[in-house]
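Scroll down for the structure; my scribbles are underneath it.
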Amino acid sequence: MIEIDGLTKSYGRRIVVDGVSLTIPRGGLTGIIGPNGAGKSTLLGLASRLLAADRGTVTVDGLDVARASGELLARRLSVLKQENRVAARLTVRDLVAFGRYPHSRGRLSSSEWAHVEKALAFLDLQPISGSFLDELSGGQRQRAYVAMVLSQDTDYMLFDEPLSSLDIRHAVSMMHLLRNASRSFGKAVVVVLHDINIAANFADRIIGMKDGRVAFHGDTADVMTGAFLSSIYDIPIRVHRLEGQYVTTYALPGGPEGGAGEDPVLVAGD
Amino acid sequence: MASQMQARTLRSTIGGLTAGLLVLGALAAASLFIGVADLTPARLADPATREAAMSTLMDSRLPRTMALLLSGSCLAIAGVIMQMLTRNRFVEPTTAGTTEAAGFGMLVMLLLFPGAPVVIKSLVAAGFACAGTAVFLRLLRAVPPGAPLLVPLTGIMFGGIVGSVTAFIAHRYGLMQSLGAWRNGDFSVVISGRYELLWLTLVLSVAAYLAADRFTIAGLGGDMSRNLGLDYGKTMAVGLVIVSLVSALVVTTVGSIPFLGLVVPNLVSLAAGDNLRRTLPWMAISGAAVVLVCDMVGRLIVAPYEIPAGTVFGVLGSAVFLYLLLGRSTRAA
């Protein structure tokens with residue numbers, strides 16, 4: 001269980017995360033959604049000890065992330081940031097093998113290699129496992145980073161917009177993979193997501209953020225409503241069910257046909 | 001399957017390294033028999049000339065060759081460590097102010113404690129190198145990410161400032177000659193009894209190899225390092241100390257060899273990547289081989305005179321540096 005209590009972080013005078021308290025249980029996929037600047041990435045950074053909080057605490061199974069040894073924590077919780085500027089010219093297999101570092105400290109036994117191969121297979125990376133990262137496309141590189149986190153095999157896995165450079169096929173298969181990891185292996189997977197349809201269809205729980213605070217938090221079926229979504233995105237959003245899936249629609253200025261609305265969002269020449 | 005593949009990789013790695021070491025051994029053997037004094041295997045074997053030949057070998061040629069091997073390998077290793085820690089392909093001790101700061105430290109020691117043993121002078125120089133590199137790393141915080149070429153430019157300018165202050169003081173006190181010796185790697189001065197400090201670099205190279213995984217992970221960036229449980233700050237500090245000591249030891253015994261720590265790691269990385277556990281031995285072998293060849297070329301082309309190895313490499317290295325700058329800058333970040 002991840003317990004967040006009174007977490008606050010500000011940059012200068014701007015408060016980015018404002019007194020957030022949350023409990024995220026083991027098992028299941030938790031999606032974090034919200035508009036730009038809502039504090040989603042900062043919350044993830046604080047929860048994973050990449051950032052230091054101004055106030056408040058985060059504990060993972062009772063372990064205070066601000067105080068616990070980095071080595072111990074790395075066997076329980078892993079995190080993948082959105083932007084990864086990797087300078088080292090590593091092969092995909094080498095990178096994924098470094099995911100085992102917290103467990104092996106560099107001496108990989110054959111059972112450790114099994115983890116690596118499994119992570120490579122999960123993300124469909126075996127054909128390019130010998131390629132260097134700097135020779136890959138953005139999407140392939142992103143899958144390699146996710147494979148590294150999977151091979152780290154921690155109970156808690158935090159991802160900041162892991163779908164950002166993936167096409168729809170890989171995005172959907174990535175979400176299937178993360179959901180399976182959370183359901184079949186009892187992992188807690190926390191994912192910051194941009195796409196509310198993907199969040200609605202894959203997450204078991206959804207945290208909605210706005211202005212550094214948690215606006216709502218609950219089971220997807222309970223919080224996936226037009227009222228909740230409209231309240232954080234500040235535009236009218238409606239939620240429908242279509243063949244069992246969630247589909248959200250949003251109001252277009254001047255109606256679905258376009259045309260001259262009263263309050264056009266986009267102005268010509270903008 | 002995985003372990004079989006690992007075993008196969010291991011075998012081919014060992015095979016490759018053995019071949020590399022054989023080439024290096026051949027180069028080192030050639031280096032032993034090049035020079036003004038007449039030293040050939042035949043003269044070593046002939047009882048009549050053996051004594052004179054042995055003395056040339058042991059007092060001059062062997063120390064020179066060892067100095068070449070040691071400094072070439074440790075400079076290449078120091079270079080790649082800096083490149084991992086700064087996550088920039090163009091950083092090495094001479095493009096980060098490290099070497100210049102070490103020279104400044106030596107000058108301070110020459111002025112204040114001229115009688116101090118060389119070990120003490122080198123350690124003080126290493127302290128200065130450490131401080132200089134720390135200042136460089138502090139300056140880097142002001143460099144916007146996504147401007148990789150600004151990083152070595154900042155370092156070269158910073159080194160230039162430190163270097164000119166050093167030159168000004170050295171000029172005032174008539175120590176320009178010593179300064180020249182530190183600035184240009186020259187192995188003709190190496191004789192038995194005047195280079196042994198360089199053996200310390202072997203210890204540092206081994207230490208770097210033991211920490212190889214940590215440096216590679218540091219090259220993945222601060223966030224990924226912390227995610228993998230690496231103490232990022234400590235790794236930076238250990239790397240900084242290794243690089244500073246290496247720079248100071250090489251500067252004080254044979255003089256700096258600019259761009260060696262940049263050219264060799266870039267070429268090895270292009271061919272074999274950056275998993276330092278695997279590539280550090282290649283860094284050492286290639287660095288040593290390049291310096292050996294440069295020194296031999298310097299001894300042969302104007303025989304019986306010599307061109308310092310640092311100068312020979314300067315010509316070669318700056319050409320390769322420019323090539324790398326133009327060709328690799330796009331993915332240097």
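Residues are named by chain letter and number: chains run A, B, ... in the order of the structure tokens, numbers start at 1 in each chain, and ligands are numbered from 1 in the order shown.
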**Study point:** chain B contacts on chain A, only C-alpha atoms, 6 Å, as a list of chain:residue names
**Key:** A:Gly70, A:Glu71, A:Ala74, A:Ser78, A:Val86, A:Ala87, A:Ala88, A:Arg89, A:Leu90, A:Pro102, A:Ser110
Once you have the residues from the selection above, write them out as a short mmCIF file (atom, residue, chain, number, x, y, z; two decimals), in the first residue's frame, restricted to N, CA and C atoms.
```cif
data_model
loop_
_atom_site.label_atom_id
_atom_site.label_comp_id
_atom_site.auth_asym_id
_atom_site.auth_seq_id
_atom_site.Cartn_x
_atom_site.Cartn_y
_atom_site.Cartn_z
N GLY A 70 18.08 3.93 -0.78
CA GLY A 70 17.70 3.86 -2.19
C GLY A 70 17.71 2.43 -2.70
N GLU A 71 18.66 1.64 -2.19
CA GLU A 71 18.82 0.27 -2.65
C GLU A 71 17.60 -0.59 -2.27
N ALA A 74 14.52 0.43 -4.23
CA ALA A 74 14.57 0.05 -5.64
C ALA A 74 14.10 -1.38 -5.87
N SER A 78 9.39 1.00 -8.50
CA SER A 78 10.13 1.50 -9.65
C SER A 78 9.34 2.61 -10.30
N VAL A 86 18.87 9.54 -22.24
CA VAL A 86 19.92 8.56 -21.94
C VAL A 86 21.10 8.80 -22.88
N ALA A 87 22.26 9.08 -22.29
CA ALA A 87 23.43 9.35 -23.12
C ALA A 87 24.21 8.07 -23.41
N ALA A 88 24.10 7.09 -22.51
CA ALA A 88 24.88 5.88 -22.69
C ALA A 88 24.37 5.10 -23.90
N ARG A 89 25.32 4.65 -24.73
CA ARG A 89 24.97 3.88 -25.92
C ARG A 89 24.88 2.41 -25.52
N LEU A 90 23.67 2.00 -25.09
CA LEU A 90 23.49 0.62 -24.64
C LEU A 90 22.61 -0.13 -25.61
N PRO A 102 19.12 -3.61 -8.95
CA PRO A 102 18.82 -3.55 -7.52
C PRO A 102 18.86 -4.93 -6.86
N SER A 110 21.55 -17.04 -14.01
CA SER A 110 20.68 -17.41 -15.12
C SER A 110 19.22 -17.12 -14.79
#
```
Practice item. Tell me which protein, DNA and RNA residues are within 9 Å of Ala227 (chain A), counting only C-alpha atoms, leaving out same-chain ones fewer than 5 positions away, and put them as number ranges by chain. Key: A: 236-238
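Closest approach to Val91 (chain B) among B:Gly79, B:Gly193, B:Gly25, B:Gly298 is made by B:Gly79 (distances from only C-alpha atoms).
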Revision key, fill the gap. CA of Ala144 (chain A) to CA of Ile207 (chain A) measures 27.0 Å
Check your understanding: Given the choices A:His170, A:Arg205, A:Arg143, A:Arg14, which gets closest to Gly218 (chain A) if the distance is worked out from only C-alpha atoms?
Key -> A:Arg205
**Study point:** Residue with smallest distance to Asp61 (chain A) - pool A:Gly45, A:Gly139, A:Pro162, A:Pro25, counting only C-alpha atoms
**Key:** A:Pro25
Practice item. Please provide the set of residues having any atom within 8 Å of Arg55 (chain A), restricted to only C-alpha atoms, with same-chain residues fewer than 3 positions apart removed, written as a VMD selection string. Key: chain A and resid 6 to 9
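By only C-alpha atoms, and with residues fewer than 6 positions from Asn180 (chain A) along its chain excluded, the set lying at most 10 Å from it is Gly28, Leu29, Met174, Gly186, Lys187 and Val189 of chain A.
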Exercise for review: From the DSSP assignment of the backbone, select every residue of region 50-254 of chain B that is alpha helix (DSSP H), and format the answer as a ChimeraX atom specification.
Suggested key: /B:50-56,62-86,98-112,118-140,150-172,176-183,199-210,212-218,222-227,232-253
Practice item. Using only C-alpha atoms, determine which residues lie at most 7 Å from Phe136 (chain B), disregarding the query and same-chain residues fewer than 3 positions distant; provide the list as JSON, numbers by chain. Key: {"B": [96, 97, 132, 133, 139, 140, 155]}
Exercise for review: Using only C-alpha atoms, determine which residues lie at most 9 Å from Asp234 (chain A), disregarding the query and same-chain residues fewer than 4 positions distant; provide the list as a ChimeraX atom specification.
Suggested key: /A:35,229-230
Please dump the current selection as a PDB file, in the first residue's frame; keep N, CA and C atoms.
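What ended up in result_6.pdb:
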```pdb
ATOM      1  N   PRO A  35      -5.841  18.035 -16.234  1.00  0.00           N
ATOM      2  CA  PRO A  35      -5.319  18.935 -17.271  1.00  0.00           C
ATOM      3  C   PRO A  35      -3.820  19.208 -17.079  1.00  0.00           C
ATOM      4  N   LEU A 229     -15.539  14.752 -14.832  1.00  0.00           N
ATOM      5  CA  LEU A 229     -14.542  15.100 -15.855  1.00  0.00           C
ATOM      6  C   LEU A 229     -14.637  16.581 -16.216  1.00  0.00           C
ATOM      7  N   SER A 230     -15.883  17.084 -16.379  1.00  0.00           N
ATOM      8  CA  SER A 230     -16.046  18.491 -16.734  1.00  0.00           C
ATOM      9  C   SER A 230     -15.449  19.387 -15.662  1.00  0.00           C
TER      10      SER A 230
END
```
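Going from CA of Arg85 (chain A) to CA of Gln142 (chain A) covers 11.3 Å.
Nearest residue to Ser73 (chain B) among B:Ala288, B:Leu249, B:Leu32, B:Leu267 is B:Ala288, counting only C-alpha atoms.
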Exercise for review: Between B:Val206, B:Val246, B:Val251, B:Val36, single out the one closest to Gly103 (chain B), counting only C-alpha atoms.
Suggested key: B:Val251
Write out as an mmCIF file with N, CA and C atoms, in the first residue's frame each polymer residue whose atoms come within 10 Å of region 312-316 of chain B, counting only C-alpha atoms; drop sequence neighbours fewer than 5 positions from it.
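Saved file result.cif follows:
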```cif
data_model
loop_
_atom_site.group_PDB
_atom_site.id
_atom_site.type_symbol
_atom_site.label_atom_id
_atom_site.label_comp_id
_atom_site.auth_asym_id
_atom_site.auth_seq_id
_atom_site.Cartn_x
_atom_site.Cartn_y
_atom_site.Cartn_z
ATOM 1 N N ASN B 184 52.336 19.617 -22.454
ATOM 2 C CA ASN B 184 52.493 18.803 -23.646
ATOM 3 C C ASN B 184 53.106 17.457 -23.294
ATOM 4 N N GLY B 185 52.305 16.424 -23.446
ATOM 5 C CA GLY B 185 52.763 15.084 -23.092
ATOM 6 C C GLY B 185 54.042 14.708 -23.843
ATOM 7 N N ILE B 257 47.805 15.061 -22.438
ATOM 8 C CA ILE B 257 47.615 14.685 -23.843
ATOM 9 C C ILE B 257 46.190 15.069 -24.205
ATOM 10 N N PRO B 258 45.998 16.308 -24.703
ATOM 11 C CA PRO B 258 44.642 16.793 -24.930
ATOM 12 C C PRO B 258 43.856 15.908 -25.892
ATOM 13 N N PHE B 259 42.580 15.748 -25.604
ATOM 14 C CA PHE B 259 41.602 15.061 -26.454
ATOM 15 C C PHE B 259 41.752 13.543 -26.502
ATOM 16 N N LEU B 260 42.783 12.983 -25.858
ATOM 17 C CA LEU B 260 42.898 11.518 -25.901
ATOM 18 C C LEU B 260 41.667 10.878 -25.254
ATOM 19 N N VAL B 263 38.735 11.240 -27.890
ATOM 20 C CA VAL B 263 38.788 10.522 -29.164
ATOM 21 C C VAL B 263 38.630 9.017 -28.953
ATOM 22 N N VAL B 290 47.095 3.855 -28.922
ATOM 23 C CA VAL B 290 47.166 5.137 -29.631
ATOM 24 C C VAL B 290 48.371 5.942 -29.149
ATOM 25 N N VAL B 291 48.569 6.006 -27.832
ATOM 26 C CA VAL B 291 49.690 6.787 -27.300
ATOM 27 C C VAL B 291 51.030 6.157 -27.708
ATOM 28 N N VAL B 293 51.657 4.399 -30.418
ATOM 29 C CA VAL B 293 51.891 4.675 -31.841
ATOM 30 C C VAL B 293 52.328 6.128 -32.035
ATOM 31 N N CYS B 294 51.643 7.062 -31.352
ATOM 32 C CA CYS B 294 52.006 8.472 -31.495
ATOM 33 C C CYS B 294 53.444 8.710 -31.049
ATOM 34 N N ASP B 295 53.833 8.082 -29.954
ATOM 35 C CA ASP B 295 55.193 8.261 -29.450
ATOM 36 C C ASP B 295 56.215 7.686 -30.425
ATOM 37 N N MET B 296 55.895 6.513 -30.994
ATOM 38 C CA MET B 296 56.846 5.899 -31.941
ATOM 39 C C MET B 296 56.960 6.741 -33.207
ATOM 40 N N VAL B 297 55.814 7.255 -33.682
ATOM 41 C CA VAL B 297 55.849 8.129 -34.866
ATOM 42 C C VAL B 297 56.721 9.342 -34.568
ATOM 43 N N GLY B 298 56.539 9.931 -33.386
ATOM 44 C CA GLY B 298 57.334 11.096 -32.997
ATOM 45 C C GLY B 298 58.818 10.810 -32.931
ATOM 46 N N ILE B 307 59.648 14.319 -31.798
ATOM 47 C CA ILE B 307 58.469 15.174 -31.617
ATOM 48 C C ILE B 307 57.680 14.556 -30.462
ATOM 49 N N PHE B 321 38.604 14.824 -33.540
ATOM 50 C CA PHE B 321 37.680 15.588 -32.703
ATOM 51 C C PHE B 321 36.706 16.371 -33.582
#
```
**Study point:** Atom pair CA of His115 (chain A) / CA of Arg278 (chain B): separation (Å)
**Key:** 20.9 Å
